[in-house]
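In what follows, a single structure is set out as structure tokens and then discussed.
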Amino acid sequence: MSKKITVTDTVLRDAHQSLLATRMRTEDMLPICDKLDRVGYWSLEVWGGATFDACVRFLKEDPWERLRQLKAALPNTRLQMLLRGQNLLGYRHYSDDVVRAFVAKAAVNGIDVFRIFDAMNDVRNLRVAIEAVKAAGKHAQGTIAYTTSPVHTIDAFVEQAKAMQAMGIDSIAIKDMAGLLTPYATFALVKALKSAIDLPVFIHSHDTAGLGSMCQLKAIEAGADHIDTAISSLAWGTSHPGTESMVAALKGSEYDTGLDLELIQEIGMYFHAVRKKYHQFESEFTGVDTRVQVNQVPGGMISNLANQLKEQGALNRMNEVLEEIPRVRADLGFPPLVTPTSQIVGTQAFFNVLAGERYKTITNEVKLYLQGRYGKAPGKVDEQLRKQAIGSEEVIDVRPADLLKPELARLREEIGSLAKSEEDVLTFAMFPDIGRKFLEERAAGTLKPEALLPMPNGQGKAAPVGGEGVPTEFVVDVHGESYRVDITGVGVKGDGKRHFYLSIDGMPEEVVFEPLNEFVAGSGGKRKQAGAPGDVSTTMPGNIVDVLVKQGDVVKAGQAVLITEAMKMETEVQAPIAGTVKAVHVAKGDRVNPGEVLVEIEG
Ligand code: MN
């Protein structure tokens with residue numbers, strides 16, 4: 001008996017999300033679509049996940065336009081997206097009317113297959129999205145976000161699969177975002193699912209720990225119907241097993257995919273060249289990283305964490321953060337680590353390490369999580385932490401979106417004439433700040449994608465400082481903007497500080513480096529360093545989302561005075577002492593650095 005295994009290639013979504021921080025541009029996708037369309041893939045994953053955010057935030061592309069262009073260029077292949085259930089493509093729960101509108105528009109613009117997951121595996125958060133996909137006449141795929149913990153048993157996953165089947169899904173995906181599956185665990189899980197439910201089973205395994213292709217083979221032997229792969233030039237590591245390899249592995253067997261290996265290899269060569277263009281986004285952690293079998297950190301999260309750490313010169317603390325992540329996860333009742341819980345756990349772990357004290361700062365998202373506002377935690381949360389985080393505030397046990405009023409009309413009104421279509425309103429709904437900025441810049445004709453750096457052996461070189469008086473050039477990327485930095489001199493070390501004289505884009509600056517990530521710039525009206533007991537500062541670089549106090553206000557110790565955003569997470573910054581606000585040095589939208597005085601309070 002032969003059973004053809006069907007294939008989804010992830011090259012246009014998850015592969016570059018996992019390896020290149022989601023930066024592939026539409027212009028590098030369209031030229032190869034003709035060939036991709038001829039392969040005979042069951043589907044191409046092209047949209048959703050982090051691509052929507054990356055389009056609007058960094059690439060300054062309209063994600064809806066990308067989808068329409070891909071649809072036109074790929075007329076014979078199903079297009080697939082990854083949807084975060086009630087979170088859609090954002091980081092919070094949306095009201096049901098927004099979920100229905102978003103799914104309907106994604107379907108109209110070209111999506112045929114919706115892979116729908118919830119970060120908590122709380123199926124209540126999938127229901128409305130599944131209903132909307134079925135209403136649009138499209139394929140609804142229910143997802144198990146795979147993880148391991150004392151509470152994640154095969155029986156629990158089978159129960160979840162049955163609940164999703166009852167909601168009307170067309171197929172089921174095992175989504176192993178972190179590369180945690182092992183071959184025999186895969187075999188057992190697929191066997192159990194296939195005997196309990198009568199639906200095609202898809203395997204989405206990341207190759208982070210080098211086990212992806214073995215897991216896929218064991219899954220196939222256990223009865224799985226479908227595998228997700230990535231074209232070889234964007235495969236393996238935190239991405240997926242290589243398409244060519246899996247096609248070759250199954251060729252001539254009872255599971256032959258029937259795909260044309262030569263054609264796929266031509267596509268592989270094309271992306272081999274494309275990948276070089278994005279070299280600046282390659283993670284420090286390329287290749288196989290078996291630590292994932294302990295820390296459970298998914299591929300996309302590792303590359304984002306590495307980028308964030310690199311940005312503040314704290315890449316040396318990566319190991320500490322990776323060790324703290326499982327501890328935070330246990331405190332929160334073992335959520336799988338996938339957006340948005342990966343950011344919630346990752347950022348809290350980050351704060352716990354950088355602040356030098358666990359839960360000294362608790363992010364707003366962790367507070368909401370502990371209130372039940374993302375859904376039900378898989379296991380028990382640490383009650384002491386919950387008490388510390390939310391005090392006597394209410395914990396909810398209903399589906400979180402049940403508490404949300406319809407919000408589409410309000411969003412439409414808020415964005416007004418900047419939105420030229422319902423799709424624009426939905427872009428704004430996903431990302432109120434960067435979405436609005438995108439629509440404003442589009443209206444003004446000033447959209448400009450982040451700069452791509454030349455190859456390291458080109459003009460931008462990163463050589464060690466040669467000595468005083470010898471300018472040394474660097475190209476530095478900060479939050480998607482590139483700066484040309486010339487080091488013109490280095491001062492002597494003193495007080496544990498060191499002075500560097502540089503020019504940034506031609507402007508002279510003096511920078512004083514202090515131990516571990518704290519710095520003050522000597523020019524440009526920068527803020528002074530915190531020292532007094534009433535000085536309010538942050539432990540992470542970020543942006544000011546809101547200023548809650550003004551000069552003259554009387555505040556209590558522990559009262560929130562600012563809201564900052566770092567790594568897509570919002571955090572309240574509290575008054576260290578009771579007193580009167582003497583000065584406020586920041587406004588909404590300001591960029592701030594650790595240790596700077598943002599607000600001064602006089603006790
Ligand atoms: Mn994935």
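Convention: chains lettered A, B, ... in structure tokens order; per-chain residue numbering from 1; ligands numbered from 1 as shown.
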
Contact table chain A vs ligand 1, cut-off 12 Å, shortest pair per residue, only C-alpha atoms and all ligand atoms, as a tab-separated table:
```
residue	atom	partner	partner_atom_place_in_ligand_line	distance
A:Thr8	CA	ligand 1	1 (Mn)	11.9
A:Asp9	CA	ligand 1	1 (Mn)	11.5
A:Thr10	CA	ligand 1	1 (Mn)	8.6
A:Val11	CA	ligand 1	1 (Mn)	11.1
A:Arg13	CA	ligand 1	1 (Mn)	8.9
A:Asp14	CA	ligand 1	1 (Mn)	5.6
A:Ala15	CA	ligand 1	1 (Mn)	8.0
A:His16	CA	ligand 1	1 (Mn)	10.4
A:Gln17	CA	ligand 1	1 (Mn)	8.5
A:Ser18	CA	ligand 1	1 (Mn)	7.6
A:Leu19	CA	ligand 1	1 (Mn)	11.1
A:Thr22	CA	ligand 1	1 (Mn)	11.9
A:Glu45	CA	ligand 1	1 (Mn)	10.3
A:Gly48	CA	ligand 1	1 (Mn)	11.0
A:Gly49	CA	ligand 1	1 (Mn)	8.5
A:Ala50	CA	ligand 1	1 (Mn)	10.5
A:Met81	CA	ligand 1	1 (Mn)	11.0
A:Leu82	CA	ligand 1	1 (Mn)	8.7
A:Leu83	CA	ligand 1	1 (Mn)	11.4
A:Arg84	CA	ligand 1	1 (Mn)	11.9
A:Arg115	CA	ligand 1	1 (Mn)	10.7
A:Phe117	CA	ligand 1	1 (Mn)	11.2
A:Thr143	CA	ligand 1	1 (Mn)	11.4
A:Ile144	CA	ligand 1	1 (Mn)	11.9
A:Ala145	CA	ligand 1	1 (Mn)	9.8
A:Tyr146	CA	ligand 1	1 (Mn)	10.8
A:Ala173	CA	ligand 1	1 (Mn)	10.9
A:Ile174	CA	ligand 1	1 (Mn)	10.1
A:Lys175	CA	ligand 1	1 (Mn)	6.7
A:Asp176	CA	ligand 1	1 (Mn)	6.9
A:Met177	CA	ligand 1	1 (Mn)	4.6
A:Ala178	CA	ligand 1	1 (Mn)	7.8
A:Gly179	CA	ligand 1	1 (Mn)	9.1
A:Leu180	CA	ligand 1	1 (Mn)	11.9
A:Ile203	CA	ligand 1	1 (Mn)	10.3
A:His204	CA	ligand 1	1 (Mn)	6.6
A:Ser205	CA	ligand 1	1 (Mn)	7.1
A:His206	CA	ligand 1	1 (Mn)	6.5
A:Asp207	CA	ligand 1	1 (Mn)	10.0
A:Thr208	CA	ligand 1	1 (Mn)	10.8
A:Gly212	CA	ligand 1	1 (Mn)	11.7
A:Asp228	CA	ligand 1	1 (Mn)	9.1
A:Thr229	CA	ligand 1	1 (Mn)	10.2
A:Ala230	CA	ligand 1	1 (Mn)	10.6
A:Ala235	CA	ligand 1	1 (Mn)	11.9
A:Trp236	CA	ligand 1	1 (Mn)	11.9
A:Gly237	CA	ligand 1	1 (Mn)	11.9
A:Thr238	CA	ligand 1	1 (Mn)	8.8
A:Ser239	CA	ligand 1	1 (Mn)	7.5
A:His240	CA	ligand 1	1 (Mn)	8.0
A:Pro241	CA	ligand 1	1 (Mn)	11.5
A:Pro298	CA	ligand 1	1 (Mn)	8.3
A:Gly299	CA	ligand 1	1 (Mn)	8.0
A:Gly300	CA	ligand 1	1 (Mn)	8.1
A:Met301	CA	ligand 1	1 (Mn)	10.8
A:Leu337	CA	ligand 1	1 (Mn)	11.5
A:Val338	CA	ligand 1	1 (Mn)	9.0
A:Thr339	CA	ligand 1	1 (Mn)	10.5
```

Q) What's the 9 Å shell around Asn125 (chain A), counting only C-alpha atoms, without same-chain residues fewer than 3 positions away, as a PyMOL selection string? A) chain A and resi 84-87+93+117-118+120-122+128-129+374-375+399-401

Would you write out those residues with N, CA, C and O atoms, as a PDB file, in the first residue's frame?
```
ATOM      1  N   ARG A  84      -2.728  33.314  15.182  1.00  0.00           N
ATOM      2  CA  ARG A  84      -2.649  33.060  16.629  1.00  0.00           C
ATOM      3  C   ARG A  84      -4.027  33.115  17.295  1.00  0.00           C
ATOM      4  O   ARG A  84      -4.217  33.821  18.285  1.00  0.00           O
ATOM      5  N   GLY A  85      -4.986  32.407  16.743  1.00  0.00           N
ATOM      6  CA  GLY A  85      -6.316  32.350  17.349  1.00  0.00           C
ATOM      7  C   GLY A  85      -6.844  33.737  17.652  1.00  0.00           C
ATOM      8  O   GLY A  85      -6.819  34.620  16.797  1.00  0.00           O
ATOM      9  N   GLN A  86      -7.277  33.923  18.891  1.00  0.00           N
ATOM     10  CA  GLN A  86      -7.899  35.189  19.265  1.00  0.00           C
ATOM     11  C   GLN A  86      -6.891  36.348  19.260  1.00  0.00           C
ATOM     12  O   GLN A  86      -7.278  37.503  19.267  1.00  0.00           O
ATOM     13  N   ASN A  87      -5.586  36.045  19.209  1.00  0.00           N
ATOM     14  CA  ASN A  87      -4.571  37.110  19.119  1.00  0.00           C
ATOM     15  C   ASN A  87      -4.315  37.530  17.676  1.00  0.00           C
ATOM     16  O   ASN A  87      -3.541  38.468  17.454  1.00  0.00           O
ATOM     17  N   HIS A  93      -5.527  39.866  23.023  1.00  0.00           N
ATOM     18  CA  HIS A  93      -6.783  39.276  22.585  1.00  0.00           C
ATOM     19  C   HIS A  93      -7.641  40.340  21.922  1.00  0.00           C
ATOM     20  O   HIS A  93      -7.815  41.418  22.463  1.00  0.00           O
ATOM     21  N   PHE A 117      -3.588  28.472  16.106  1.00  0.00           N
ATOM     22  CA  PHE A 117      -3.127  27.939  17.394  1.00  0.00           C
ATOM     23  C   PHE A 117      -3.403  28.928  18.505  1.00  0.00           C
ATOM     24  O   PHE A 117      -3.651  30.113  18.276  1.00  0.00           O
ATOM     25  N   ASP A 118      -3.332  28.416  19.725  1.00  0.00           N
ATOM     26  CA  ASP A 118      -3.371  29.281  20.897  1.00  0.00           C
ATOM     27  C   ASP A 118      -2.146  28.955  21.742  1.00  0.00           C
ATOM     28  O   ASP A 118      -1.820  27.790  21.955  1.00  0.00           O
ATOM     29  N   MET A 120      -1.626  28.987  24.778  1.00  0.00           N
ATOM     30  CA  MET A 120      -1.875  28.226  26.001  1.00  0.00           C
ATOM     31  C   MET A 120      -2.493  26.866  25.679  1.00  0.00           C
ATOM     32  O   MET A 120      -2.817  26.115  26.583  1.00  0.00           O
ATOM     33  N   ASN A 121      -2.754  26.597  24.393  1.00  0.00           N
ATOM     34  CA  ASN A 121      -3.548  25.431  23.998  1.00  0.00           C
ATOM     35  C   ASN A 121      -4.928  25.456  24.653  1.00  0.00           C
ATOM     36  O   ASN A 121      -5.515  24.416  24.937  1.00  0.00           O
ATOM     37  N   ASP A 122      -5.423  26.659  24.896  1.00  0.00           N
ATOM     38  CA  ASP A 122      -6.773  26.811  25.436  1.00  0.00           C
ATOM     39  C   ASP A 122      -7.712  26.897  24.235  1.00  0.00           C
ATOM     40  O   ASP A 122      -7.762  27.914  23.544  1.00  0.00           O
ATOM     41  N   VAL A 128     -13.694  31.009  17.696  1.00  0.00           N
ATOM     42  CA  VAL A 128     -14.233  32.032  16.790  1.00  0.00           C
ATOM     43  C   VAL A 128     -13.448  32.068  15.478  1.00  0.00           C
ATOM     44  O   VAL A 128     -14.026  32.193  14.399  1.00  0.00           O
ATOM     45  N   ALA A 129     -12.128  31.897  15.562  1.00  0.00           N
ATOM     46  CA  ALA A 129     -11.320  31.889  14.336  1.00  0.00           C
ATOM     47  C   ALA A 129     -11.697  30.686  13.464  1.00  0.00           C
ATOM     48  O   ALA A 129     -11.829  30.814  12.237  1.00  0.00           O
ATOM     49  N   TYR A 374      -5.038  35.682  29.276  1.00  0.00           N
ATOM     50  CA  TYR A 374      -4.630  35.007  28.043  1.00  0.00           C
ATOM     51  C   TYR A 374      -5.292  33.639  27.912  1.00  0.00           C
ATOM     52  O   TYR A 374      -5.103  32.952  26.923  1.00  0.00           O
ATOM     53  N   GLY A 375      -6.030  33.249  28.931  1.00  0.00           N
ATOM     54  CA  GLY A 375      -6.640  31.919  28.945  1.00  0.00           C
ATOM     55  C   GLY A 375      -6.146  31.153  30.166  1.00  0.00           C
ATOM     56  O   GLY A 375      -5.489  31.697  31.047  1.00  0.00           O
ATOM     57  N   ARG A 399     -13.619  32.573  28.948  1.00  0.00           N
ATOM     58  CA  ARG A 399     -12.822  32.847  27.748  1.00  0.00           C
ATOM     59  C   ARG A 399     -12.503  34.348  27.745  1.00  0.00           C
ATOM     60  O   ARG A 399     -13.416  35.179  27.827  1.00  0.00           O
ATOM     61  N   PRO A 400     -11.237  34.729  27.658  1.00  0.00           N
ATOM     62  CA  PRO A 400     -10.897  36.153  27.811  1.00  0.00           C
ATOM     63  C   PRO A 400     -11.695  37.078  26.897  1.00  0.00           C
ATOM     64  O   PRO A 400     -12.125  38.156  27.323  1.00  0.00           O
ATOM     65  N   ALA A 401     -11.925  36.661  25.641  1.00  0.00           N
ATOM     66  CA  ALA A 401     -12.617  37.555  24.712  1.00  0.00           C
ATOM     67  C   ALA A 401     -14.092  37.746  25.063  1.00  0.00           C
ATOM     68  O   ALA A 401     -14.733  38.664  24.552  1.00  0.00           O
TER      69      ALA A 401
END
```

Q: Write down as an NGL selection string the residues of region 230-428 of chain A whose backbone DSSP state falls under alpha helix (DSSP H).
A: :A and (243-250 or 261-277 or 292-295 or 299-311 or 318-331 or 341-354 or 364-370 or 383-390 or 408-415 or 422-428)

Q) In Å, with one decimal, what is the gap from CA of Glu320 (chain A) to CA of Asn543 (chain A)? A) 24.3 Å

Q.
Please compute the CA of Gln348 (chain A)-CA of Glu324 (chain A) distance, one decimal, in Å.
A. 9.0 Å
